[in-house]
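Source file: structure-v5.cif. Holds: mmCIF, C-alpha atoms and all ligand atoms.
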```cif
data_run
#
loop_
_atom_site.label_atom_id
_atom_site.label_comp_id
_atom_site.auth_asym_id
_atom_site.auth_seq_id
_atom_site.Cartn_x
_atom_site.Cartn_y
_atom_site.Cartn_z
CA MET A 1 72.73 11.91 -88.12
CA LEU A 2 74.09 13.93 -85.25
CA LEU A 3 71.64 14.27 -82.39
CA ASN A 4 71.14 17.61 -80.72
CA THR A 5 67.61 18.36 -79.61
CA ASN A 6 65.48 20.54 -77.41
CA ASP A 7 63.20 17.64 -76.40
CA ILE A 8 61.74 17.86 -72.91
CA TYR A 9 61.93 14.82 -70.66
CA PRO A 10 60.02 14.32 -67.42
CA ASP A 11 61.96 13.57 -64.25
CA LEU A 12 60.50 10.15 -63.58
CA THR A 13 61.90 9.74 -60.07
CA PHE A 14 60.49 13.12 -59.04
CA LEU A 15 57.10 12.36 -60.54
CA THR A 16 57.01 8.93 -58.89
CA ALA A 17 57.85 10.51 -55.53
CA ALA A 18 55.03 13.04 -56.01
CA THR A 19 52.70 10.14 -56.86
CA VAL A 20 53.66 8.39 -53.61
CA PHE A 21 52.73 11.49 -51.59
CA ALA A 22 49.53 12.13 -53.55
CA GLU A 23 48.32 8.52 -53.35
CA SER A 24 48.98 8.31 -49.61
CA GLY A 25 45.96 10.57 -49.14
CA ASP A 26 47.74 12.61 -46.47
CA TYR A 27 49.26 15.26 -48.73
CA GLN A 28 48.12 17.78 -51.27
CA VAL A 29 50.86 17.82 -53.85
CA ARG A 30 51.90 20.55 -56.29
CA VAL A 31 54.54 19.50 -58.81
CA ILE A 32 56.35 22.33 -60.59
CA ASP A 33 58.38 21.34 -63.60
CA ALA A 34 59.56 24.74 -64.84
CA MET A 35 60.34 23.37 -68.30
CA ILE A 36 56.71 22.52 -69.04
CA GLU A 37 55.21 25.49 -67.22
CA GLY A 38 56.11 27.97 -69.93
CA ARG A 39 59.80 27.45 -69.14
CA MET A 40 59.19 29.28 -65.88
CA LEU A 41 62.04 31.54 -64.78
CA PRO A 42 63.24 31.82 -61.17
CA ASP A 43 61.54 35.18 -60.48
CA GLU A 44 58.27 33.83 -61.92
CA LEU A 45 58.55 30.73 -59.76
CA LEU A 46 59.03 32.81 -56.63
CA LYS A 47 55.98 34.89 -57.53
CA GLU A 48 54.01 31.68 -57.98
CA LEU A 49 55.15 30.40 -54.59
CA GLU A 50 54.07 33.65 -52.92
CA LYS A 51 50.45 32.70 -53.67
CA GLU A 52 50.46 29.57 -51.51
CA SER A 53 52.13 28.24 -48.43
CA PHE A 54 53.72 24.80 -48.24
CA ASP A 55 54.67 22.58 -45.29
CA ILE A 56 57.35 20.73 -47.25
CA VAL A 57 59.29 21.93 -50.27
CA ILE A 58 61.50 19.46 -52.15
CA LEU A 59 63.74 20.72 -54.94
CA LYS A 60 65.61 18.30 -57.16
CA THR A 61 68.78 19.88 -58.37
CA ALA A 62 71.43 19.04 -60.97
CA GLY A 63 75.05 20.11 -61.43
CA GLN A 64 74.10 22.60 -64.17
CA THR A 65 71.70 24.51 -61.94
CA VAL A 66 72.84 23.82 -58.40
CA GLN A 67 74.29 27.30 -57.83
CA SER A 68 71.01 28.93 -58.90
CA ASP A 69 68.94 26.33 -57.04
CA LEU A 70 70.69 27.05 -53.75
CA LYS A 71 69.90 30.75 -54.18
CA LEU A 72 66.35 29.82 -55.04
CA LEU A 73 65.93 27.82 -51.84
CA GLU A 74 67.35 30.71 -49.84
CA ALA A 75 64.63 32.90 -51.34
CA VAL A 76 61.99 30.23 -50.66
CA ARG A 77 63.09 30.17 -47.02
CA ALA A 78 62.50 33.94 -46.83
CA LEU A 79 58.99 33.39 -48.20
CA MET A 80 58.22 30.42 -45.93
CA PRO A 81 60.16 30.66 -42.67
CA GLU A 82 58.37 27.63 -41.19
CA ALA A 83 58.57 25.28 -44.17
CA ASP A 84 60.55 22.08 -44.14
CA ILE A 85 62.93 22.57 -47.10
CA ARG A 86 64.72 19.59 -48.63
CA ILE A 87 67.05 19.20 -51.57
CA ALA A 88 67.56 16.08 -53.68
CA GLY A 89 69.69 15.11 -56.67
CA LEU A 90 73.20 13.82 -57.20
CA ALA A 91 74.77 17.31 -57.13
CA ALA A 92 73.26 17.90 -53.68
CA ILE A 93 74.70 14.60 -52.45
CA ILE A 94 78.15 15.49 -53.79
CA LEU A 95 77.91 18.90 -52.08
CA LYS A 96 76.37 17.54 -48.89
CA LYS A 97 79.15 18.70 -46.57
CA TRP A 98 79.15 22.18 -48.05
CA ILE A 99 75.36 22.42 -47.92
CA SER A 100 75.23 21.20 -44.29
CA ASN A 101 77.85 23.77 -43.28
CA ASN A 102 76.79 26.71 -45.41
CA ALA A 103 73.11 26.50 -46.28
CA PRO A 104 71.14 26.77 -43.01
CA TYR A 105 67.95 27.40 -44.98
CA ILE A 106 67.93 23.73 -46.06
CA ASN A 107 66.60 21.22 -43.51
CA GLU A 108 67.71 18.00 -45.18
CA ILE A 109 69.76 16.64 -48.06
CA ILE A 110 68.04 13.59 -49.54
CA GLU A 111 70.66 10.97 -50.25
CA GLU A 112 68.65 8.21 -51.92
CA PRO A 113 66.48 8.02 -55.02
CA LEU A 114 63.65 10.46 -54.35
CA ASP A 115 60.83 7.99 -55.00
CA HIS A 116 62.38 5.53 -52.57
CA TYR A 117 62.71 8.34 -50.03
CA ALA A 118 59.04 9.29 -50.48
CA LEU A 119 57.94 5.72 -49.71
CA LYS A 120 60.07 5.73 -46.56
CA TYR A 121 58.70 9.14 -45.61
CA ILE A 122 55.12 7.85 -45.63
CA GLY A 123 56.15 4.91 -43.45
CA LYS A 124 56.83 2.01 -45.84
CA LYS A 125 59.49 -0.48 -44.82
CA ASN A 126 61.66 -2.94 -46.81
CA ILE A 127 61.12 -1.10 -50.04
CA GLY A 128 61.76 -2.77 -53.39
CA ILE A 129 61.27 -1.52 -56.94
CA ASN A 130 57.83 -3.16 -57.13
CA ASP A 131 56.61 -0.94 -54.29
CA LEU A 132 57.01 2.12 -56.49
CA PRO A 133 53.64 3.25 -57.89
CA ILE A 134 53.01 3.90 -61.55
CA PRO A 135 53.92 7.59 -61.98
CA ASP A 136 50.81 9.73 -62.18
CA TYR A 137 51.48 11.94 -65.17
CA THR A 138 48.27 13.86 -64.59
CA LEU A 139 50.00 15.65 -61.69
CA VAL A 140 51.65 17.80 -64.37
CA ASP A 141 50.78 19.07 -67.84
CA TYR A 142 52.28 15.95 -69.37
CA THR A 143 51.21 16.97 -72.89
CA LYS A 144 54.30 19.17 -73.00
CA TYR A 145 56.71 16.24 -72.77
CA THR A 146 57.27 16.06 -76.46
CA ASP A 147 59.78 14.69 -78.84
CA GLU A 148 60.21 17.36 -81.54
CA ALA A 149 59.82 14.80 -84.31
CA LYS A 150 57.42 12.23 -82.88
CA GLY A 151 55.07 14.12 -80.56
CA LEU A 152 54.08 13.13 -77.02
CA ARG A 153 56.71 10.85 -75.54
CA LEU A 154 56.34 9.59 -71.97
CA THR A 155 58.78 7.49 -69.99
CA LEU A 156 58.78 4.56 -67.59
CA ILE A 157 61.10 1.97 -66.10
CA ALA A 158 61.17 -1.83 -66.11
CA SER A 159 64.37 -2.01 -64.05
CA ARG A 160 66.75 0.18 -62.11
CA GLY A 161 70.51 0.03 -61.70
CA CYS A 162 72.96 -2.02 -63.71
CA PRO A 163 74.89 -5.22 -63.08
CA MET A 164 77.93 -3.82 -64.95
CA SER A 165 80.58 -1.63 -63.33
CA CYS A 166 81.93 0.84 -65.91
CA LEU A 167 84.08 3.32 -64.03
CA TYR A 168 82.90 6.28 -66.09
CA CYS A 169 79.23 5.61 -65.33
CA PRO A 170 77.38 8.39 -63.46
CA TYR A 171 74.42 6.08 -62.75
CA LYS A 172 76.54 4.04 -60.37
CA LEU A 173 76.53 7.07 -58.05
CA CYS A 174 72.72 7.13 -58.04
CA TYR A 175 71.66 3.51 -57.86
CA SER A 176 73.29 0.57 -56.18
CA GLY A 177 72.43 -2.98 -57.26
CA TYR A 178 70.05 -3.99 -60.00
CA GLU A 179 66.30 -4.63 -59.65
CA THR A 180 63.56 -5.47 -62.11
CA LYS A 181 59.85 -4.69 -61.95
CA SER A 182 57.21 -7.37 -62.38
CA THR A 183 56.06 -7.80 -65.98
CA GLU A 184 52.45 -7.20 -64.91
CA GLN A 185 53.34 -3.82 -63.42
CA VAL A 186 55.27 -2.73 -66.49
CA ILE A 187 52.41 -3.76 -68.79
CA GLU A 188 49.96 -1.84 -66.61
CA ASN A 189 52.27 1.18 -66.80
CA ILE A 190 52.52 0.98 -70.59
CA LYS A 191 48.73 0.80 -70.91
CA ARG A 192 48.34 3.93 -68.78
CA LEU A 193 50.77 5.82 -71.00
CA VAL A 194 48.94 4.66 -74.12
CA GLU A 195 45.66 5.88 -72.58
CA LEU A 196 47.26 9.30 -72.07
CA GLY A 197 47.84 9.49 -75.81
CA SER A 198 51.59 8.92 -75.83
CA LYS A 199 52.91 8.38 -79.35
CA GLU A 200 56.11 6.91 -78.06
CA ILE A 201 57.30 5.49 -74.76
CA GLN A 202 60.88 5.50 -73.61
CA PHE A 203 62.25 3.08 -71.06
CA ARG A 204 64.70 4.95 -68.85
CA ASP A 205 66.33 1.72 -67.65
CA GLN A 206 70.09 2.00 -67.55
CA TYR A 207 70.40 -1.47 -69.13
CA PHE A 208 67.03 -2.59 -70.49
CA SER A 209 67.92 -6.14 -71.54
CA ALA A 210 70.25 -7.02 -68.66
CA ASP A 211 67.91 -9.84 -67.62
CA ARG A 212 67.31 -11.70 -70.87
CA LYS A 213 64.53 -13.93 -69.54
CA LYS A 214 62.55 -11.02 -68.09
CA THR A 215 63.09 -8.91 -71.21
CA LYS A 216 61.71 -11.70 -73.42
CA GLU A 217 58.75 -12.14 -71.08
CA LEU A 218 57.96 -8.43 -71.26
CA LEU A 219 58.31 -8.21 -75.05
CA GLU A 220 56.14 -11.33 -75.51
CA SER A 221 53.49 -9.86 -73.22
CA ILE A 222 53.41 -6.63 -75.24
CA ILE A 223 52.97 -8.67 -78.43
CA GLU A 224 50.30 -10.97 -76.94
CA GLN A 225 48.29 -8.05 -75.59
CA GLU A 226 48.55 -6.29 -78.95
CA ILE A 227 49.79 -3.04 -77.45
CA LYS A 228 50.69 -0.76 -80.30
CA ILE A 229 53.20 1.96 -79.50
CA ARG A 230 56.70 2.97 -80.58
CA ILE A 231 59.21 2.00 -77.90
CA VAL A 232 62.68 3.43 -77.26
CA ILE A 233 65.16 1.57 -75.07
CA GLU A 234 68.70 2.02 -73.82
CA THR A 235 70.80 -1.09 -73.43
CA ARG A 236 74.13 -2.76 -74.14
CA LEU A 237 74.01 -3.83 -77.76
CA GLU A 238 76.30 -6.73 -76.84
CA SER A 239 73.42 -8.33 -74.89
CA LEU A 240 71.28 -8.65 -78.03
CA ASP A 241 71.18 -11.10 -80.89
CA GLU A 242 69.08 -11.58 -84.01
CA GLU A 243 66.33 -13.43 -82.10
CA MET A 244 66.01 -10.67 -79.53
CA LEU A 245 66.06 -7.95 -82.21
CA GLY A 246 63.24 -9.78 -84.05
CA LEU A 247 61.18 -9.92 -80.88
CA MET A 248 61.85 -6.26 -80.18
CA LYS A 249 60.68 -5.30 -83.65
CA LYS A 250 57.43 -7.23 -83.17
CA ALA A 251 56.85 -5.56 -79.80
CA GLY A 252 57.21 -2.09 -81.32
CA VAL A 253 60.78 -1.15 -80.44
CA GLY A 254 61.62 1.67 -82.84
CA MET A 255 64.97 2.75 -81.48
CA ILE A 256 67.80 1.20 -79.49
CA CYS A 257 70.31 3.51 -77.78
CA PHE A 258 73.64 2.17 -76.61
CA GLY A 259 77.11 3.24 -75.58
CA VAL A 260 80.02 2.49 -77.87
CA GLU A 261 82.18 5.00 -75.99
CA SER A 262 85.63 4.46 -77.53
CA ALA A 263 87.47 2.57 -80.25
CA ASP A 264 90.26 1.71 -77.83
CA ALA A 265 89.62 -1.77 -76.36
CA VAL A 266 92.47 -1.51 -73.84
CA LEU A 267 91.19 1.81 -72.55
CA LEU A 268 87.67 0.42 -72.16
CA GLU A 269 89.01 -2.60 -70.31
CA ASP A 270 90.81 -0.28 -67.90
CA TYR A 271 87.43 1.29 -67.18
CA HIS A 272 85.87 -2.19 -66.64
CA SER A 273 83.70 -1.63 -69.68
CA ILE A 274 82.95 -4.89 -71.47
CA LYS A 275 82.20 -4.33 -75.14
CA GLY A 276 81.59 -6.71 -78.00
CA GLU A 277 83.79 -7.36 -80.97
CA ILE A 278 83.44 -4.48 -83.46
CA ARG A 279 82.51 -6.77 -86.34
CA ARG A 280 79.63 -8.25 -84.31
CA VAL A 281 78.47 -4.82 -83.14
CA LYS A 282 78.33 -3.70 -86.76
CA GLU A 283 76.37 -6.84 -87.71
CA LEU A 284 73.78 -6.17 -85.01
CA ILE A 285 73.45 -2.50 -86.01
CA ASP A 286 72.94 -3.46 -89.65
CA HIS A 287 70.44 -6.14 -88.67
CA ALA A 288 68.47 -3.66 -86.54
CA HIS A 289 68.40 -1.24 -89.50
CA SER A 290 67.22 -4.00 -91.84
CA LEU A 291 64.27 -4.57 -89.46
CA GLY A 292 63.47 -0.85 -89.46
CA ILE A 293 64.80 -0.21 -85.96
CA ASP A 294 66.79 3.02 -85.54
CA THR A 295 70.00 3.01 -83.54
CA MET A 296 71.72 5.66 -81.48
CA GLY A 297 75.39 5.33 -80.54
CA PHE A 298 76.98 7.28 -77.68
CA TYR A 299 80.68 8.10 -77.76
CA ILE A 300 82.87 9.62 -75.06
CA ILE A 301 85.46 12.12 -76.21
CA GLY A 302 88.43 12.97 -74.01
CA PHE A 303 89.04 10.09 -71.62
CA PRO A 304 91.98 11.19 -69.41
CA GLU A 305 94.32 8.78 -71.24
CA GLU A 306 93.05 9.73 -74.68
CA THR A 307 95.45 11.15 -77.24
CA TRP A 308 94.53 12.95 -80.48
CA GLU A 309 95.11 9.67 -82.35
CA MET A 310 92.85 7.66 -80.05
CA ALA A 311 90.10 10.25 -80.44
CA GLN A 312 90.54 10.06 -84.22
CA SER A 313 90.01 6.27 -84.07
CA THR A 314 86.82 6.76 -82.09
CA TYR A 315 85.54 9.16 -84.73
CA ASP A 316 86.44 6.65 -87.46
CA LEU A 317 84.58 3.95 -85.55
CA ALA A 318 81.45 6.12 -85.35
CA ASP A 319 81.77 6.70 -89.09
CA TYR A 320 82.09 2.95 -89.72
CA LEU A 321 79.29 1.79 -87.42
CA ASP A 322 76.98 4.34 -89.02
CA THR A 323 74.19 4.28 -86.44
CA THR A 324 71.07 6.28 -87.27
CA TYR A 325 72.00 8.88 -84.64
CA VAL A 326 75.31 9.71 -83.04
CA VAL A 327 76.06 11.59 -79.85
CA PHE A 328 79.59 12.72 -78.96
CA ASN A 329 79.76 13.52 -75.26
CA GLU A 330 82.74 15.08 -73.56
CA TYR A 331 84.22 12.86 -70.89
CA GLU A 332 82.84 13.70 -67.47
CA HIS A 333 84.96 12.74 -64.50
CA CYS A 334 82.57 11.21 -62.00
CA ARG A 335 84.87 9.82 -59.35
CA PHE A 336 84.07 11.91 -56.32
CA ASP A 337 85.30 11.45 -52.75
CA ILE A 338 81.93 12.46 -51.37
CA ASP A 339 82.62 11.55 -47.73
CA ASP A 340 86.20 12.82 -47.60
CA ASN A 341 85.87 16.12 -49.40
CA GLU A 342 84.04 19.36 -48.97
CA TYR A 343 83.33 20.27 -52.56
CA THR A 344 81.96 23.76 -53.15
CA PRO A 345 79.14 24.63 -55.61
CA GLU A 346 81.83 26.02 -57.95
CA LEU A 347 82.59 22.38 -58.73
CA PHE A 348 79.71 22.63 -61.18
CA PRO A 349 80.08 25.45 -63.74
CA PRO A 350 76.56 26.83 -64.22
CA PHE A 351 74.60 25.53 -67.20
CA GLY A 352 77.47 23.29 -68.34
CA ASN A 353 77.64 19.53 -68.71
CA THR A 354 80.97 18.91 -67.03
CA ASN A 355 82.40 19.52 -63.58
CA SER A 356 85.65 21.22 -62.64
CA ILE A 357 87.11 18.33 -60.65
CA GLU A 358 90.86 18.17 -61.28
CA TYR A 359 92.45 15.04 -62.72
CA GLN A 360 95.43 14.15 -64.88
CA SER A 361 94.55 14.17 -68.57
CA VAL A 362 96.51 14.03 -71.83
CA LEU A 363 94.17 16.51 -73.51
CA ASP A 364 93.21 19.63 -71.60
CA ILE A 365 89.68 20.91 -71.19
CA ASP A 366 89.79 23.16 -74.28
CA GLU A 367 91.15 20.35 -76.42
CA ARG A 368 88.44 17.95 -75.25
CA GLU A 369 85.72 20.51 -75.86
CA TYR A 370 87.13 21.30 -79.30
CA LEU A 371 87.21 17.63 -80.28
CA ALA A 372 83.62 16.93 -79.26
CA TYR A 373 82.58 20.06 -81.14
CA ILE A 374 84.57 19.38 -84.28
CA PHE A 375 83.46 15.74 -84.41
CA GLY A 376 79.88 16.91 -84.28
CA ILE A 377 80.40 19.25 -87.22
CA ARG A 378 82.31 16.67 -89.20
CA TYR A 379 79.76 13.95 -88.61
CA ALA A 380 76.81 16.16 -89.54
CA MET A 381 78.64 17.22 -92.72
CA ARG A 382 78.66 13.61 -93.89
CA THR A 383 75.09 14.13 -95.02
CA SER A 384 74.83 17.84 -95.69
CA TYR A 385 76.37 21.22 -94.91
CA GLU A 386 72.89 22.47 -94.13
CA ASP A 387 72.45 19.87 -91.36
CA SER A 388 75.82 20.76 -90.04
CA TYR A 389 74.90 24.43 -89.90
CA ARG A 390 71.51 23.73 -88.33
CA TYR A 391 72.77 21.43 -85.62
CA ASN A 392 76.18 22.79 -84.89
CA TYR A 393 75.88 26.45 -85.57
CA LYS A 394 72.29 27.17 -84.64
CA LEU A 395 71.90 24.77 -81.73
CA VAL A 396 75.38 24.31 -80.29
CA ASN A 397 76.89 27.74 -80.95
CA GLU A 398 73.87 29.75 -79.89
CA ASN A 399 73.63 27.66 -76.78
CA ARG A 400 77.30 28.24 -75.98
CA LYS A 401 76.97 31.98 -76.45
CA ALA A 402 73.91 32.03 -74.18
CA ILE A 403 75.74 30.03 -71.51
CA GLU A 404 78.71 32.43 -71.59
CA LYS A 405 76.35 35.35 -71.08
CA LEU A 406 74.27 33.73 -68.33
CA ARG A 407 77.00 31.99 -66.36
CA PRO A 408 78.08 35.07 -64.35
CA LEU A 409 74.42 35.67 -63.42
CA ALA A 410 73.76 32.16 -62.03
CA THR A 411 73.38 33.34 -58.44
CA ASP A 412 71.61 36.61 -59.21
CA LEU A 413 68.16 35.20 -59.87
CA LYS A 414 66.55 38.53 -60.73
CA ARG A 415 69.12 39.48 -63.37
CA LEU A 416 69.31 35.89 -64.62
CA SER A 417 65.55 35.84 -65.20
CA GLU A 418 65.59 39.25 -66.90
CA CYS A 419 68.45 38.28 -69.15
CA VAL A 420 66.79 35.03 -70.29
CA ARG A 421 63.53 36.89 -70.90
CA GLU A 422 65.38 39.41 -73.02
CA MET A 423 67.08 36.62 -75.00
CA ARG A 424 63.75 34.95 -75.66
CA LYS A 425 62.22 38.25 -76.76
CA ASN A 426 65.01 38.66 -79.28
CA GLY A 427 64.49 35.11 -80.56
CA ARG A 428 67.68 33.84 -78.97
CA MET A 429 67.94 30.53 -77.18
CA ASP A 430 68.48 30.07 -73.49
CA PRO A 431 70.30 27.03 -72.12
S1 LIG B 1 76.65 -0.68 -68.87
FE1 LIG B 1 75.93 1.44 -68.96
S2 LIG B 1 74.62 1.71 -67.14
FE2 LIG B 1 75.85 -0.14 -66.83
S3 LIG B 1 77.64 0.53 -65.66
FE3 LIG B 1 78.21 0.57 -67.82
S4 LIG B 1 77.75 2.68 -68.50
FE4 LIG B 1 76.66 2.35 -66.54
#
```
Kindly present the structure from the file in structure tokens form.
Amino acid sequence: MLLNTNDIYPDLTFLTAATVFAESGDYQVRVIDAMIEGRMLPDELLKELEKESFDIVILKTAGQTVQSDLKLLEAVRALMPEADIRIAGLAAIILKKWISNNAPYINEIIEEPLDHYALKYIGKKNIGINDLPIPDYTLVDYTKYTDEAKGLRLTLIASRGCPMSCLYCPYKLCYSGYETKSTEQVIENIKRLVELGSKEIQFRDQYFSADRKKTKELLESIIEQEIKIRIVIETRLESLDEEMLGLMKKAGVGMICFGVESADAVLLEDYHSIKGEIRRVKELIDHAHSLGIDTMGFYIIGFPEETWEMAQSTYDLADYLDTTYVVFNEYEHCRFDIDDNEYTPELFPPFGNTNSIEYQSVLDIDEREYLAYIFGIRYAMRTSYEDSYRYNYKLVNENRKAIEKLRPLATDLKRLSECVREMRKNGRMDP
């Protein structure tokens, strides 16, 4: 099945940072996650902020929204001339020179994971992953973090970073090194999420089973303590075997997500991506399915070197591997010269998933977009035309139309808010 959802995920790093401030006892914290607060629009958020005054405002941005977020912070500055305004997120780091030179309303660009920064802010030294508190989900209306199919789904981490070095990996820009949490802390975290009524928990680790010994210890602990919950993980399938899959099944793992990326082994090697032999990957997928574990395969369409034929082979591979869910992502170039370049916010087209960084590529941007789109349709049609229509026409097309309409309004927060409201009133989606 092709995956395209409107599920809402919490920002775990943001929530953990808020927990650090709240637990320190020195701060009163208000976390605003617009997605779960009635999908709050920028003008509504500003109205909300008018009611209170804050000493520190931290906004976590992303490429898709950075142009709007900068305008939003400018408006927040007008509301709170004395506030200490900070911006976090990878897009802010990439734009740090531009922001320092052009956005005087921002006091600081946070250049490290926000939770880590929060611990430093309250005076902690020599911080490691085990110093991070268990995120306090009660700081927000966590009941809105739902998976459309399975209900309440909360997230956690057992590790951070990745020992691999794939050159296309955006995580490498966020986290250096690889650290694991103590098994006791992870178990405690799981129990808290179960208490909150979570039907499913999702580990947001970049590579869940990178440390085999620790992974086994954690899974065995879950089994021993008879914790019953559906677990979703993301890992490298190559790190698993039948024994580990059996243990995962017993511990409640219901879905394993992993990157297949491309059918071209030479291309993957050039990107320092170490993948398993296709036959073995297929064996492991089939074994997971025989145990009742779902699988989700990620593919990248449009590597700079990719030709139409190479892309076709990747599609054929997805067809052959036949994971429960498939995601075709357009290639995103994430090699930035952050210290040597002054990128402008236009680097990130509003509400899109790619950036406009220029690089040599066999297929141009329209061709890459077309391929990812057409593969989605084709894959969904394997099972039914109805699915194909539902996922590709209703979700993807309506979303694209909405983005085209909203993109020119990204920095006009009033008109942007009005336009989205109008779309919602007419039963249309907003991105
Ligand atoms: S294995 Fe995954 S998380 Fe690790 S570097 Fe490669 S793409 Fe990134």
Item to check | A:Leu114 surroundings by only C-alpha atoms, 7 Å radius, close-in-sequence under 3 positions cut, as a VMD selection string | outcome: chain A and resid 13 to 14 17 88 117 to 118
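The coordinates place atom CA of A:Ala158 at 6.0 Å from atom CA of A:Val186.
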Item to check | Contact residues around A:Thr183 with all atoms listed in the file at 9 Å, ignoring same-chain residues under 4 positions, as number ranges by chain | outcome: A: 158, 187-188, 214-215, 217-218, 221
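Closest approach to ligand LIG 1 (chain B) among A:Lys275, A:Lys401, A:Arg86, A:Lys250 is made by A:Lys275 (distances from all atoms listed in the file).
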Output, as JSON, the centre and edge lengths in Å (one decimal) of the axis-aligned box that contains all listed atoms of ligand LIG 1 (chain B) with 4 Å of margin on each side.
```
{"center_x": 76.4, "center_y": 1.0, "center_z": -67.3, "size_x": 11.6, "size_y": 11.4, "size_z": 11.3}
```
Kindly provide the residues of chain A that approach ligand LIG 1 (chain B) to within 7 Å, each paired with its closest atom pair and their distance in Å to one decimal, based on all atoms listed in the file, listed by chain and increasing number, as CSV.
```
residue,atom,partner,partner_atom,distance
A:Cys162,CA,B:LIG1,FE2,4.6
A:Pro163,CA,B:LIG1,FE2,6.4
A:Met164,CA,B:LIG1,S3,4.4
A:Ser165,CA,B:LIG1,S3,4.3
A:Cys166,CA,B:LIG1,FE3,4.2
A:Tyr168,CA,B:LIG1,S4,6.7
A:Cys169,CA,B:LIG1,FE4,4.3
A:Pro170,CA,B:LIG1,FE4,6.8
A:Tyr171,CA,B:LIG1,FE4,5.8
A:Lys172,CA,B:LIG1,FE4,6.4
A:Gln206,CA,B:LIG1,S2,4.6
A:Tyr207,CA,B:LIG1,S2,5.6
A:Arg236,CA,B:LIG1,S1,6.2
A:Gly259,CA,B:LIG1,FE1,7.0
A:Ser273,CA,B:LIG1,FE3,6.2
```
Where atoms are absent from stretch 277-291 of chain A, fill them in so it carries N, CA and C atoms, then output it as a PDB file, keeping the file's coordinate frame.
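So rebuild_8.pdb came out as:
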```
ATOM      1  N   GLU A 277      82.856  -7.484 -79.841  1.00  0.00           N
ATOM      2  CA  GLU A 277      83.790  -7.360 -80.970  1.00  0.00           C
ATOM      3  C   GLU A 277      83.159  -6.405 -82.012  1.00  0.00           C
ATOM      4  N   ILE A 278      83.971  -5.522 -82.565  1.00  0.00           N
ATOM      5  CA  ILE A 278      83.440  -4.480 -83.460  1.00  0.00           C
ATOM      6  C   ILE A 278      82.642  -5.086 -84.635  1.00  0.00           C
ATOM      7  N   ARG A 279      83.183  -6.172 -85.192  1.00  0.00           N
ATOM      8  CA  ARG A 279      82.510  -6.770 -86.340  1.00  0.00           C
ATOM      9  C   ARG A 279      81.077  -7.198 -85.970  1.00  0.00           C
ATOM     10  N   ARG A 280      80.942  -7.790 -84.762  1.00  0.00           N
ATOM     11  CA  ARG A 280      79.630  -8.250 -84.310  1.00  0.00           C
ATOM     12  C   ARG A 280      78.691  -7.062 -84.009  1.00  0.00           C
ATOM     13  N   VAL A 281      79.269  -6.024 -83.430  1.00  0.00           N
ATOM     14  CA  VAL A 281      78.470  -4.820 -83.140  1.00  0.00           C
ATOM     15  C   VAL A 281      77.910  -4.262 -84.454  1.00  0.00           C
ATOM     16  N   LYS A 282      78.765  -4.209 -85.447  1.00  0.00           N
ATOM     17  CA  LYS A 282      78.330  -3.700 -86.760  1.00  0.00           C
ATOM     18  C   LYS A 282      77.219  -4.587 -87.341  1.00  0.00           C
ATOM     19  N   GLU A 283      77.392  -5.907 -87.207  1.00  0.00           N
ATOM     20  CA  GLU A 283      76.370  -6.840 -87.710  1.00  0.00           C
ATOM     21  C   GLU A 283      75.021  -6.575 -87.062  1.00  0.00           C
ATOM     22  N   LEU A 284      75.046  -6.394 -85.737  1.00  0.00           N
ATOM     23  CA  LEU A 284      73.780  -6.170 -85.010  1.00  0.00           C
ATOM     24  C   LEU A 284      73.148  -4.842 -85.407  1.00  0.00           C
ATOM     25  N   ILE A 285      73.982  -3.815 -85.580  1.00  0.00           N
ATOM     26  CA  ILE A 285      73.450  -2.500 -86.010  1.00  0.00           C
ATOM     27  C   ILE A 285      72.784  -2.653 -87.382  1.00  0.00           C
ATOM     28  N   ASP A 286      73.496  -3.300 -88.303  1.00  0.00           N
ATOM     29  CA  ASP A 286      72.940  -3.460 -89.650  1.00  0.00           C
ATOM     30  C   ASP A 286      71.657  -4.288 -89.618  1.00  0.00           C
ATOM     31  N   HIS A 287      71.639  -5.315 -88.751  1.00  0.00           N
ATOM     32  CA  HIS A 287      70.440  -6.140 -88.670  1.00  0.00           C
ATOM     33  C   HIS A 287      69.265  -5.320 -88.127  1.00  0.00           C
ATOM     34  N   ALA A 288      69.531  -4.522 -87.090  1.00  0.00           N
ATOM     35  CA  ALA A 288      68.470  -3.660 -86.540  1.00  0.00           C
ATOM     36  C   ALA A 288      67.930  -2.745 -87.648  1.00  0.00           C
ATOM     37  N   HIS A 289      68.839  -2.139 -88.417  1.00  0.00           N
ATOM     38  CA  HIS A 289      68.400  -1.240 -89.500  1.00  0.00           C
ATOM     39  C   HIS A 289      67.572  -2.002 -90.542  1.00  0.00           C
ATOM     40  N   SER A 290      67.975  -3.240 -90.826  1.00  0.00           N
ATOM     41  CA  SER A 290      67.220  -4.000 -91.840  1.00  0.00           C
ATOM     42  C   SER A 290      65.801  -4.305 -91.348  1.00  0.00           C
ATOM     43  N   LEU A 291      65.616  -4.334 -90.013  1.00  0.00           N
ATOM     44  CA  LEU A 291      64.270  -4.570 -89.460  1.00  0.00           C
ATOM     45  C   LEU A 291      63.478  -3.267 -89.346  1.00  0.00           C
TER      46      LEU A 291
END
```
